[in-house]
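Chemist: Below are the C-alpha cells for one structure; questions will follow.
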Amino acid sequence: MPKLPVLTAKEAERILLKAGFILLRTKGSHRIYLRNNDKIVIPFHSNKSLHPKIVKSVLEVVNQD
C-alpha cells in the first residue's frame, strides 16, 4: 500500500473545494464540509499536519466519484 501524503488543513480544504464540497459550518477550530450525503470534518490547527486517518478519509471521499 502506498504511503499517504502529508497534508495541512489548508491543503485538504483546497482539495475538498475543488472536488465540489461546500463549507457547511464551523465549530471552534473544526470545519465541516458537505457534498451530497458525504460529510467530512477537518480540524484547523496552525500549520500542523493532519492525522493520517483524516488524510485517508479526505482522499477516499474525493476519489469516490
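Chain labels follow the order of the C-alpha cells: the first chain is A, the next B, and so on; residue numbering restarts at 1 in every chain, and ligands are counted from 1 in their shown order.
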Among the residues of chain A, find those DSSP assigns to alpha helix (DSSP H) from the backbone and print them as a PyMOL selection string.
Modeler: chain A and resi 9-18+52-62
Chemist: Can you list, as JSON, numbers by chain, all residues belonging to chain A that DSSP tags as strand (DSSP E)?
Modeler: {"A": [22, 23, 24, 25, 26, 27, 30, 31, 32, 33, 34, 35, 38, 39, 40, 41, 42, 43]}
Chemist: Write the residues of the preceding selection, restricted to N, CA, C and O atoms, as a tab-separated table (two decimals), in the first residue's frame.
Modeler:
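What ended up in out_29.tsv:
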```
chain	number	residue	atom	x	y	z
A	22	ILE	N	-18.80	21.96	-0.17
A	22	ILE	CA	-19.03	23.32	0.31
A	22	ILE	C	-18.83	23.34	1.81
A	22	ILE	O	-19.03	22.32	2.50
A	23	LEU	N	-18.42	24.48	2.31
A	23	LEU	CA	-18.25	24.65	3.75
A	23	LEU	C	-19.63	24.77	4.37
A	23	LEU	O	-20.37	25.72	4.10
A	24	LEU	N	-20.01	23.77	5.15
A	24	LEU	CA	-21.33	23.74	5.76
A	24	LEU	C	-21.38	24.63	6.99
A	24	LEU	O	-22.25	25.49	7.13
A	25	ARG	N	-20.43	24.42	7.90
A	25	ARG	CA	-20.40	25.23	9.12
A	25	ARG	C	-19.04	25.08	9.78
A	25	ARG	O	-18.24	24.23	9.41
A	26	THR	N	-18.81	25.93	10.77
A	26	THR	CA	-17.58	25.91	11.55
A	26	THR	C	-17.96	25.84	13.02
A	26	THR	O	-18.87	26.53	13.46
A	27	LYS	N	-17.26	25.00	13.75
A	27	LYS	CA	-17.48	24.93	15.19
A	27	LYS	C	-16.11	24.88	15.85
A	27	LYS	O	-15.40	23.88	15.75
A	30	HIS	N	-12.85	23.44	14.02
A	30	HIS	CA	-13.19	22.37	13.08
A	30	HIS	C	-14.14	22.91	12.01
A	30	HIS	O	-15.08	23.63	12.32
A	31	ARG	N	-13.88	22.54	10.77
A	31	ARG	CA	-14.74	22.95	9.66
A	31	ARG	C	-15.39	21.71	9.07
A	31	ARG	O	-14.73	20.70	8.85
A	32	ILE	N	-16.69	21.81	8.81
A	32	ILE	CA	-17.47	20.68	8.30
A	32	ILE	C	-17.84	20.99	6.84
A	32	ILE	O	-18.41	22.04	6.55
A	33	TYR	N	-17.50	20.06	5.95
A	33	TYR	CA	-17.75	20.20	4.52
A	33	TYR	C	-18.78	19.17	4.09
A	33	TYR	O	-18.83	18.07	4.62
A	34	LEU	N	-19.58	19.54	3.08
A	34	LEU	CA	-20.67	18.67	2.62
A	34	LEU	C	-20.73	18.65	1.10
A	34	LEU	O	-20.56	19.68	0.45
A	35	ARG	N	-20.94	17.45	0.56
A	35	ARG	CA	-21.23	17.27	-0.87
A	35	ARG	C	-22.19	16.09	-0.95
A	35	ARG	O	-21.85	14.97	-0.58
A	38	ASP	N	-22.11	13.16	1.54
A	38	ASP	CA	-20.77	12.98	2.10
A	38	ASP	C	-20.44	14.17	2.99
A	38	ASP	O	-20.47	15.31	2.55
A	39	LYS	N	-20.11	13.89	4.23
A	39	LYS	CA	-19.75	14.93	5.19
A	39	LYS	C	-18.37	14.60	5.74
A	39	LYS	O	-18.07	13.45	6.05
A	40	ILE	N	-17.52	15.61	5.84
A	40	ILE	CA	-16.18	15.41	6.38
A	40	ILE	C	-15.80	16.59	7.26
A	40	ILE	O	-16.15	17.73	6.97
A	41	VAL	N	-15.13	16.29	8.36
A	41	VAL	CA	-14.71	17.30	9.33
A	41	VAL	C	-13.20	17.42	9.28
A	41	VAL	O	-12.48	16.43	9.35
A	42	ILE	N	-12.71	18.66	9.14
A	42	ILE	CA	-11.28	18.93	9.10
A	42	ILE	C	-10.92	19.82	10.28
A	42	ILE	O	-11.46	20.92	10.42
A	43	PRO	N	-10.01	19.37	11.15
A	43	PRO	CA	-9.56	20.24	12.25
A	43	PRO	C	-8.53	21.24	11.73
A	43	PRO	O	-7.58	20.85	11.05
```
Chemist: Rank A:Val55, A:Val61, A:Leu50, A:Lys3 by their smallest atom-to-atom distance to Asn37 in chain A, using only C-alpha atoms, and report the top residue only.
Modeler: A:Val61
Chemist: If we count only C-alpha atoms and set the cut-off at 10 Å, which residues sit around Asn47 in chain A, ignoring sequence neighbours fewer than 4 positions away in its own chain? Please answer as a short mmCIF file (atom, residue, chain, number, x, y, z; two decimals) with C-alpha atoms, in the first residue's frame.
Modeler:
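part_1.cif, freshly written:
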```cif
data_model
loop_
_atom_site.label_atom_id
_atom_site.label_comp_id
_atom_site.auth_asym_id
_atom_site.auth_seq_id
_atom_site.Cartn_x
_atom_site.Cartn_y
_atom_site.Cartn_z
CA LEU A 7 -1.37 17.37 4.24
CA THR A 8 -2.12 20.51 6.20
CA ALA A 9 -5.68 21.62 6.81
CA LYS A 10 -5.43 24.33 4.13
#
```
Chemist: Contacts of Pro52 in chain A at 9 Å or less, counting only C-alpha atoms, minus same-chain residues fewer than 5 places along, as a PDB file with N, CA, C and O atoms, in the first residue's frame?
Modeler:
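After the write, selection-v2.pdb holds the following:
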```pdb
ATOM      1  N   LEU A   4       0.621   7.555   2.443  1.00  0.00           N
ATOM      2  CA  LEU A   4      -0.276   8.697   2.307  1.00  0.00           C
ATOM      3  C   LEU A   4       0.537   9.988   2.303  1.00  0.00           C
ATOM      4  O   LEU A   4       1.553  10.085   2.993  1.00  0.00           O
ATOM      5  N   PRO A   5       0.097  10.988   1.551  1.00  0.00           N
ATOM      6  CA  PRO A   5       0.809  12.266   1.580  1.00  0.00           C
ATOM      7  C   PRO A   5       0.563  12.985   2.905  1.00  0.00           C
ATOM      8  O   PRO A   5      -0.444  12.749   3.580  1.00  0.00           O
ATOM      9  N   VAL A   6       1.476  13.854   3.269  1.00  0.00           N
ATOM     10  CA  VAL A   6       1.306  14.681   4.461  1.00  0.00           C
ATOM     11  C   VAL A   6       0.592  15.948   4.014  1.00  0.00           C
ATOM     12  O   VAL A   6       1.054  16.652   3.125  1.00  0.00           O
ATOM     13  N   LEU A   7      -0.557  16.208   4.615  1.00  0.00           N
ATOM     14  CA  LEU A   7      -1.365  17.373   4.239  1.00  0.00           C
ATOM     15  C   LEU A   7      -1.592  18.269   5.441  1.00  0.00           C
ATOM     16  O   LEU A   7      -1.737  17.791   6.572  1.00  0.00           O
ATOM     17  N   SER A  57      -9.369   9.612   4.885  1.00  0.00           N
ATOM     18  CA  SER A  57     -10.802   9.844   4.659  1.00  0.00           C
ATOM     19  C   SER A  57     -11.034  10.939   3.628  1.00  0.00           C
ATOM     20  O   SER A  57     -11.960  10.842   2.820  1.00  0.00           O
TER      21      SER A  57
END
```
Chemist: Quick check, in Å to one decimal: how far apart do CA of Ala19 in chain A and CA of Val62 in chain A lie?
Modeler: 6.2 Å
Chemist: Just give me the gap between CA of Pro2 in chain A and CA of Ile54 in chain A in Å, one decimal is fine.
Modeler: 15.9 Å
Chemist: For a quick check of understanding, using only C-alpha atoms, which of A:Lys56, A:His51, A:Ser46, A:Asn63 has the smallest distance to Ser29 in chain A?
Modeler: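 Among the listed residues, A:Ser46 lies closest to Ser29 in chain A.
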